[in-house]
Amino acid sequence: MNKILIINLLFILGVFHSVAQRQDSALFNLMPKIPDKITGPSQRANYLAIHYWDNFNFLDSVKLKQNRLLERSFVDFIDLLSITSKDTIDLAIQTLMKKAEIDPDMIITLAILSEKYLYEPDSPFADDEKYIPFMRYMINSQKVAPENKIRPRFMLEYASKNRKGEQADDFIYTLVNGDTASLYAIDADYTLMFFKNPTCEECNKMTRKLMFSSAIDDLAKQGKLKILTIYLLDDVEEWKNHASSVLHSWIYARDAEQKIQAEGLYNIKRYPTLYLLDRDKKVLLKDTDFEHLEKYLQNPDK
């Protein structure tokens, strides 16, 4: 746990420790005071998220750039959002962006930071659901010049594909023997879409993790989970040569029609990419990692 998050949690719990204050006094002094009448941890977290930026002067760009104060504060802010309600997340982001509109350069800086930390796949905070409100605000803001809305529109379109809770886009896949079938024809309580490249080492590591997970193996043996591996490139021989690298119970397939990428059906940021779908092919987990996937499948009814 990073020290900035520790400071946030101290505020949420109403604990003010001098050691934490010395660790990062600049951030500590900018935090709003939570009213004593707000006592519940979740209510305190929500209040802090909405009022997080109250003491920031977005016209003082020099101060905000010193020691990466704005960037460090932003990271702390999005970390805090992980323990707040959905409505609070939207309101807190709107509050931040409206406050930053006072300086056109500052709101663009926040858009860049949101892409870096909430969209880029290697970020530990990556979350399209938190990234989307930033892009929507940029597009709808009258303070943002038209030329500065081009990228937000593009990014919003891609981030909005196959969102959690929505039905995943259907497509036709091809097996090694030449047979074809559709995603929606898979009959199982859960479908794990595993976009991979056989020569990708991270993909091979993920394959091994999935194979040796007892939670995943148990559901697969019960027929409740189907694993669909999808190869998106056009090197058919390479794909066929790696068919033995996965379990026979998995569906080893490729996008023979090359529609997934050509038509942008799915926003594949990297390999491997995992999507977990329910029986109706609604997205349960989008672009998730192994740890979150396994934890979800260990308690699928919760």
# chains A, B, ... in the order shown; residues from 1 in each chain; ligands from 1
>>> residues_around(residues="stretch 122-134 of chain A", least_positions_apart="2", cutoff="8 Å", atoms="only C-alpha atoms", output="list in words")
Ile78, Asp79, Ile89, Asp90, Ile93, Gln94, Met97, Ala111, Ser114, Glu115, Lys116, Tyr117, Leu118, Tyr119, Glu120, Arg136, Tyr137, Met138, Leu156, Ala159, Ser160 and Arg163 of chain A
>>> write_last_selection(atoms="C-alpha atoms", output="PDB file, in the first residue's frame")
ATOM      1  CA  ILE A  78      -8.417   7.538  -8.141  1.00  0.00           C
ATOM      2  CA  ASP A  79      -7.185   5.100  -5.501  1.00  0.00           C
ATOM      3  CA  ILE A  89     -17.330   8.328  -8.487  1.00  0.00           C
ATOM      4  CA  ASP A  90     -19.249  10.194 -11.197  1.00  0.00           C
ATOM      5  CA  ILE A  93     -14.911  13.305 -11.235  1.00  0.00           C
ATOM      6  CA  GLN A  94     -17.367  15.959 -12.413  1.00  0.00           C
ATOM      7  CA  MET A  97     -13.104  18.582 -13.902  1.00  0.00           C
ATOM      8  CA  ALA A 111      -7.315  14.173 -19.364  1.00  0.00           C
ATOM      9  CA  SER A 114      -6.689   9.904 -16.654  1.00  0.00           C
ATOM     10  CA  GLU A 115      -5.493   8.099 -19.781  1.00  0.00           C
ATOM     11  CA  LYS A 116      -2.143   7.270 -18.197  1.00  0.00           C
ATOM     12  CA  TYR A 117      -3.570   5.829 -14.993  1.00  0.00           C
ATOM     13  CA  LEU A 118      -7.069   4.633 -15.883  1.00  0.00           C
ATOM     14  CA  TYR A 119      -6.768   3.464 -19.501  1.00  0.00           C
ATOM     15  CA  GLU A 120      -3.222   2.232 -20.084  1.00  0.00           C
ATOM     16  CA  ARG A 136     -17.382  12.440 -21.438  1.00  0.00           C
ATOM     17  CA  TYR A 137     -16.668  15.615 -19.522  1.00  0.00           C
ATOM     18  CA  MET A 138     -14.011  16.666 -22.022  1.00  0.00           C
ATOM     19  CA  LEU A 156     -14.460   7.218 -25.345  1.00  0.00           C
ATOM     20  CA  ALA A 159     -13.330   2.492 -23.760  1.00  0.00           C
ATOM     21  CA  SER A 160     -17.097   2.066 -24.131  1.00  0.00           C
ATOM     22  CA  ARG A 163     -18.638  -2.507 -20.887  1.00  0.00           C
TER      23      ARG A 163
END
>>> select_by_dssp(residues="stretch 41-271 of chain A", states="strand (DSSP E or B)", output="list of chain:residue names")
A:Gln167, A:Ile172, A:Tyr173, A:Thr174, A:Leu175, A:Thr180, A:Ala181, A:Ser182, A:Tyr190, A:Thr191, A:Leu192, A:Met193, A:Phe194, A:Phe195, A:Leu225, A:Lys226, A:Ile227, A:Leu228, A:Thr229, A:Ile230, A:Tyr231, A:Ile251, A:Tyr252, A:Ala253, A:Arg254
>>> write_last_selection(atoms="C-alpha atoms", output="short mmCIF file (atom, residue, chain, number, x, y, z; two decimals), in the first residue's frame")
data_model
loop_
_atom_site.label_atom_id
_atom_site.label_comp_id
_atom_site.auth_asym_id
_atom_site.auth_seq_id
_atom_site.Cartn_x
_atom_site.Cartn_y
_atom_site.Cartn_z
CA GLN A 167 -23.87 -7.82 -23.68
CA ILE A 172 -17.91 -16.27 -35.45
CA TYR A 173 -14.82 -18.28 -34.55
CA THR A 174 -13.09 -21.10 -36.42
CA LEU A 175 -11.65 -24.31 -34.93
CA THR A 180 -17.21 -22.61 -37.12
CA ALA A 181 -19.47 -21.47 -34.30
CA SER A 182 -20.54 -18.26 -32.60
CA TYR A 190 -19.67 -18.67 -17.65
CA THR A 191 -17.54 -18.10 -20.73
CA LEU A 192 -13.96 -16.95 -20.37
CA MET A 193 -12.69 -15.25 -23.51
CA PHE A 194 -8.93 -15.49 -23.61
CA PHE A 195 -7.42 -13.34 -26.38
CA LEU A 225 -17.26 -22.69 -17.39
CA LYS A 226 -16.07 -22.75 -20.99
CA ILE A 227 -12.72 -21.26 -21.94
CA LEU A 228 -12.56 -19.80 -25.43
CA THR A 229 -9.05 -18.94 -26.60
CA ILE A 230 -9.04 -16.55 -29.54
CA TYR A 231 -6.19 -15.95 -31.96
CA ILE A 251 -12.10 -24.11 -27.25
CA TYR A 252 -9.03 -23.35 -29.36
CA ALA A 253 -10.16 -20.88 -31.98
CA ARG A 254 -9.17 -18.07 -34.29
#
>>> residues_around(residues="A:Phe56", least_positions_apart="4", cutoff="10 Å", atoms="only C-alpha atoms", output="ChimeraX atom specification")
/A:27,30-31,52,60,63-64,70,73,96,99-100
>>> atom_distance(atom1="atom CA of A:Ser244", atom2="atom CA of A:Val176")
11.0 Å
